[in-house]
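Peer 1: For reference, this is upload11.cif, and it has mmCIF, C-alpha atoms.
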data_target
loop_
_atom_site.label_atom_id
_atom_site.label_comp_id
_atom_site.auth_asym_id
_atom_site.auth_seq_id
_atom_site.Cartn_x
_atom_site.Cartn_y
_atom_site.Cartn_z
CA MET A 1 36.34 40.75 10.71
CA PRO A 2 36.42 36.94 10.82
CA ALA A 3 37.74 35.07 7.81
CA PRO A 4 35.05 33.54 5.59
CA ARG A 5 34.56 29.82 6.11
CA ALA A 6 34.32 27.37 3.27
CA GLN A 7 30.89 25.87 2.86
CA GLU A 8 30.43 22.14 2.61
CA ALA A 9 28.90 20.75 -0.55
CA VAL A 10 25.26 19.73 -0.29
CA THR A 11 25.13 15.94 -0.59
CA VAL A 12 21.53 15.29 0.47
CA SER A 13 18.54 16.60 -1.47
CA VAL A 14 14.90 16.31 -0.38
CA PHE A 15 11.62 16.65 -2.25
CA ALA A 16 8.33 16.50 -0.33
CA GLN A 17 4.83 17.15 -1.63
CA ARG A 18 1.26 16.29 -0.63
CA PHE A 19 -1.15 14.99 -3.28
CA SER A 20 -4.84 14.24 -3.43
CA ALA A 21 -5.51 10.54 -2.85
CA THR A 22 -6.83 10.03 -6.38
CA ARG A 23 -5.54 8.37 -9.54
CA ARG A 24 -4.70 11.83 -10.84
CA GLY A 25 -2.74 12.59 -7.68
CA ALA A 26 -0.82 9.31 -8.05
CA ARG A 27 0.03 10.11 -11.67
CA LEU A 28 1.20 13.61 -10.75
CA ALA A 29 3.34 12.25 -7.90
CA ARG A 30 5.05 9.81 -10.27
CA ARG A 31 5.67 12.48 -12.91
CA LEU A 32 7.03 15.01 -10.42
CA ALA A 33 9.27 12.35 -8.86
CA THR A 34 10.75 11.51 -12.27
CA HIS A 35 11.26 15.21 -12.99
CA ARG A 36 12.95 15.74 -9.61
CA LEU A 37 15.28 12.77 -10.21
CA ASP A 38 16.27 14.34 -13.54
CA LEU A 39 17.07 17.61 -11.75
CA TRP A 40 19.24 15.59 -9.34
CA ASP A 41 21.29 14.24 -12.28
CA LEU A 42 19.49 10.88 -12.42
CA PRO A 43 18.25 11.39 -16.00
CA TYR A 44 15.02 10.20 -17.58
CA GLY A 45 15.34 6.67 -18.89
CA SER A 46 18.41 5.80 -16.83
CA PRO A 47 18.28 2.57 -14.80
CA ALA A 48 18.32 4.57 -11.55
CA SER A 49 15.44 6.81 -12.65
CA ASP A 50 13.40 3.89 -13.97
CA THR A 51 13.87 1.89 -10.76
CA VAL A 52 12.96 4.73 -8.42
CA THR A 53 10.02 5.76 -10.62
CA LEU A 54 8.65 2.20 -10.52
CA VAL A 55 8.92 2.17 -6.71
CA VAL A 56 7.19 5.56 -6.49
CA ALA A 57 4.42 4.41 -8.85
CA GLU A 58 3.71 1.27 -6.84
CA LEU A 59 3.80 2.95 -3.41
CA VAL A 60 1.60 5.89 -4.41
CA SER A 61 -0.84 3.53 -6.15
CA ASN A 62 -1.12 1.55 -2.92
CA ALA A 63 -1.69 4.78 -0.97
CA VAL A 64 -4.52 5.72 -3.33
CA LEU A 65 -6.12 2.27 -3.63
CA HIS A 66 -5.60 0.80 -0.15
CA GLY A 67 -4.58 3.72 2.07
CA HIS A 68 -7.27 6.16 0.99
CA VAL A 69 -9.25 7.87 3.74
CA PRO A 70 -11.96 10.23 2.40
CA GLY A 71 -10.86 13.85 2.64
CA ARG A 72 -7.20 12.97 3.35
CA ASP A 73 -4.17 13.35 1.10
CA PHE A 74 -1.00 11.29 0.87
CA GLU A 75 2.56 12.62 1.00
CA LEU A 76 5.52 11.67 -1.15
CA ARG A 77 9.02 12.34 0.15
CA LEU A 78 12.19 11.61 -1.84
CA THR A 79 15.61 11.87 -0.26
CA TYR A 80 18.74 11.54 -2.41
CA ASP A 81 22.03 11.05 -0.57
CA ARG A 82 24.73 11.47 -3.22
CA THR A 83 27.53 10.34 -0.93
CA ALA A 84 25.80 7.05 -0.12
CA GLY A 85 24.38 6.67 -3.66
CA LEU A 86 20.92 6.12 -2.17
CA VAL A 87 17.40 7.34 -2.94
CA ARG A 88 14.80 6.84 -0.22
CA VAL A 89 11.13 6.95 -1.21
CA GLU A 90 8.55 7.53 1.54
CA VAL A 91 4.79 7.55 0.99
CA SER A 92 2.62 8.47 3.97
CA ASP A 93 -1.15 8.06 4.22
CA THR A 94 -3.66 8.20 7.06
CA HIS A 95 -5.09 4.67 6.80
CA PRO A 96 -4.13 2.51 9.82
CA GLY A 97 -3.74 -0.76 7.84
CA HIS A 98 -0.22 -1.95 7.08
CA PRO A 99 0.62 -3.44 3.67
CA GLU A 100 1.65 -7.08 3.48
CA ILE A 101 2.93 -9.27 0.71
CA PRO A 102 0.52 -12.20 0.34
CA VAL A 103 2.74 -15.23 1.02
CA SER A 104 0.18 -17.97 1.67
CA ALA A 105 -1.33 -17.99 -1.82
CA GLY A 106 1.97 -17.58 -3.68
CA PRO A 107 2.42 -15.13 -6.52
CA PRO A 108 -0.77 -13.84 -8.17
CA SER A 109 -1.92 -15.67 -11.27
CA ALA A 110 -1.71 -14.09 -14.72
CA ASP A 111 -5.44 -13.30 -14.79
CA THR A 112 -5.55 -11.67 -11.34
CA ASP A 113 -6.00 -7.89 -11.15
CA GLY A 114 -3.52 -6.53 -8.62
CA GLY A 115 -1.42 -8.08 -5.90
CA ARG A 116 1.89 -7.43 -7.62
CA GLY A 117 2.84 -3.94 -6.36
CA LEU A 118 4.75 -4.88 -3.24
CA LEU A 119 6.27 -7.87 -5.03
CA LEU A 120 7.70 -5.42 -7.58
CA VAL A 121 8.94 -3.09 -4.84
CA GLU A 122 10.58 -6.00 -3.06
CA ALA A 123 12.21 -7.12 -6.32
CA VAL A 124 13.70 -3.78 -7.40
CA ALA A 125 14.32 -1.90 -4.12
CA ASP A 126 17.26 -2.78 -1.90
CA ARG A 127 15.15 -2.45 1.26
CA TRP A 128 11.58 -1.52 2.11
CA GLY A 129 9.36 -1.40 5.17
CA VAL A 130 6.61 0.33 7.07
CA ALA A 131 7.06 2.92 9.81
CA GLY A 132 4.67 4.78 12.08
CA ARG A 133 4.19 8.49 11.76
CA THR A 134 3.01 11.38 13.87
CA GLY A 135 -0.76 11.33 13.70
CA PRO A 136 -2.88 8.63 12.09
CA GLY A 137 -1.60 6.24 9.45
CA LYS A 138 1.79 4.98 8.40
CA THR A 139 4.73 5.61 6.10
CA VAL A 140 5.75 2.96 3.59
CA TRP A 141 9.37 3.45 2.55
CA ALA A 142 11.84 1.92 0.12
CA GLU A 143 15.52 2.53 -0.53
CA CYS A 144 17.22 2.14 -3.89
CA GLU A 145 20.96 2.26 -4.42
CA VAL A 146 21.68 4.31 -7.51
CA ARG A 147 24.70 4.94 -9.69
CA VAL A 148 25.31 8.41 -10.97
CA PRO A 149 25.93 8.17 -14.75
CA ASP A 150 29.42 9.75 -14.59
CA ASP A 151 30.44 7.84 -11.44
CA PRO A 152 30.82 4.09 -12.01
CA CYS A 153 31.23 3.37 -8.30
CA PRO A 154 29.81 5.95 -5.87
CA VAL A 155 31.10 5.94 -2.33
CA ARG A 156 28.86 3.89 -0.02
CA SER A 157 28.55 4.71 3.65
#
The structure in this file should be written as structure tokens.

Peer 2:
Amino acid sequence: MPAPRAQEAVTVSVFAQRFSATRRGARLARRLATHRLDLWDLPYGSPASDTVTLVVAELVSNAVLHGHVPGRDFELRLTYDRTAGLVRVEVSDTHPGHPEIPVSAGPPSADTDGGRGLLLVEAVADRWGVAGRTGPGKTVWAECEVRVPDDPCPVRS
């Protein structure tokens, strides 16, 4: 009988879920993301949880408002790499249009509705971009470096 082998610790966790492309679906995605982060030891109200939740809220709102195709859902995928101290947020929808930050007009004025979502993502995420996906549409992603509350300086890859 072979000797039992030691198992490596799991350092990457993934959460993926499809949601209806509605305001209710966006709200549920944000709430489930915050809950999942708490389960991954990034507690409610911590800077890491608040940052990632803001990114999720903005990306899923964009998927619902600008990436909505009737009869199609959007997908939220969170990946937490503990070793790298990194949370990656991916939101996929089936609309072919790619999001852009409006640079020609400058920042939106105080009385403008909208136009701030990607500016917020750019401000709080360490990186973000748009990628193709299998099938129609695109995936908008953002990465946030996070600190685990008990670890003042996580190992970065």

Peer 1: Can you tell me how far CA of Pro70 in chain A sits from CA of Val89 in chain A, in Å to one decimal?

Peer 2: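 CA of Val89 in chain A lies at a distance of 23.6 Å from CA of Pro70 in chain A.
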
Peer 1: Between CA of Arg18 in chain A and CA of Pro136 in chain A, what is the spacing in Å?

Peer 2: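 CA of Arg18 in chain A lies 15.4 Å from CA of Pro136 in chain A.
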
Peer 1: Which is closer to Gly97 in chain A than all the others in A:Ala84, A:Val146, A:Val69, A:Val14, using only C-alpha atoms?

Peer 2: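 Of the candidates, the smallest distance to Gly97 in chain A is held by A:Val69.
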
Peer 1: So, with all atoms listed in the file as the atoms that count, which of A:Leu76, A:Thr34, A:Ser61, A:Gly129 lies closest to Ser46 in chain A?

Peer 2: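 Among the listed residues, the smallest separation from Ser46 in chain A belongs to A:Thr34.
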
Peer 1: Calculated over all atoms listed in the file, which of the candidates A:Glu58, A:Asp38, A:Glu143, A:Asp73 has the smallest distance to His95 in chain A?

Peer 2: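 Smallest distance to His95 in chain A is found for A:Asp73.
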
Peer 1: Once the PyMOL selection byres ((chain A and resi 126) around 12) has been evaluated on this model, what residues remain selected, and can you format them as a list in words?

Peer 2: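 Here the PyMOL selection byres ((chain A and resi 126) around 12) matches Thr51, Val52, Val55, Gly85, Leu86, Val87, Arg88, Val89, Leu120, Val121, Glu122, Ala123, Val124, Ala125, Arg127, Trp128, Gly129, Trp141, Ala142, Glu143, Cys144, Glu145 and Val146 of chain A.
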
Peer 1: Quote the spacing between CA of Lys138 in chain A and CA of Asn62 in chain A in Å to one decimal place.

Peer 2: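 Separation between CA of Lys138 in chain A and CA of Asn62 in chain A: 12.2 Å.
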
Peer 1: Pick the closest to Glu90 in chain A from A:Arg133, A:His68, A:Arg24, A:Arg116: which is it, counting all atoms listed in the file?

Peer 2: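 For Glu90 in chain A, the nearest of the given residues is A:Arg133.
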
Peer 1: Could you list, as an mmCIF file with C-alpha atoms, in the frame of the given file, every residue within 9 Å of Ile101 in chain A, counting all atoms listed in the file and ignoring same-chain residues fewer than 6 positions away?

Peer 2:
data_model
loop_
_atom_site.group_PDB
_atom_site.id
_atom_site.type_symbol
_atom_site.label_atom_id
_atom_site.label_comp_id
_atom_site.auth_asym_id
_atom_site.auth_seq_id
_atom_site.Cartn_x
_atom_site.Cartn_y
_atom_site.Cartn_z
ATOM 1 C CA GLY A 115 -1.420 -8.080 -5.900
ATOM 2 C CA ARG A 116 1.890 -7.430 -7.620
ATOM 3 C CA GLY A 117 2.840 -3.940 -6.360
ATOM 4 C CA LEU A 118 4.750 -4.880 -3.240
ATOM 5 C CA LEU A 119 6.270 -7.870 -5.030
#
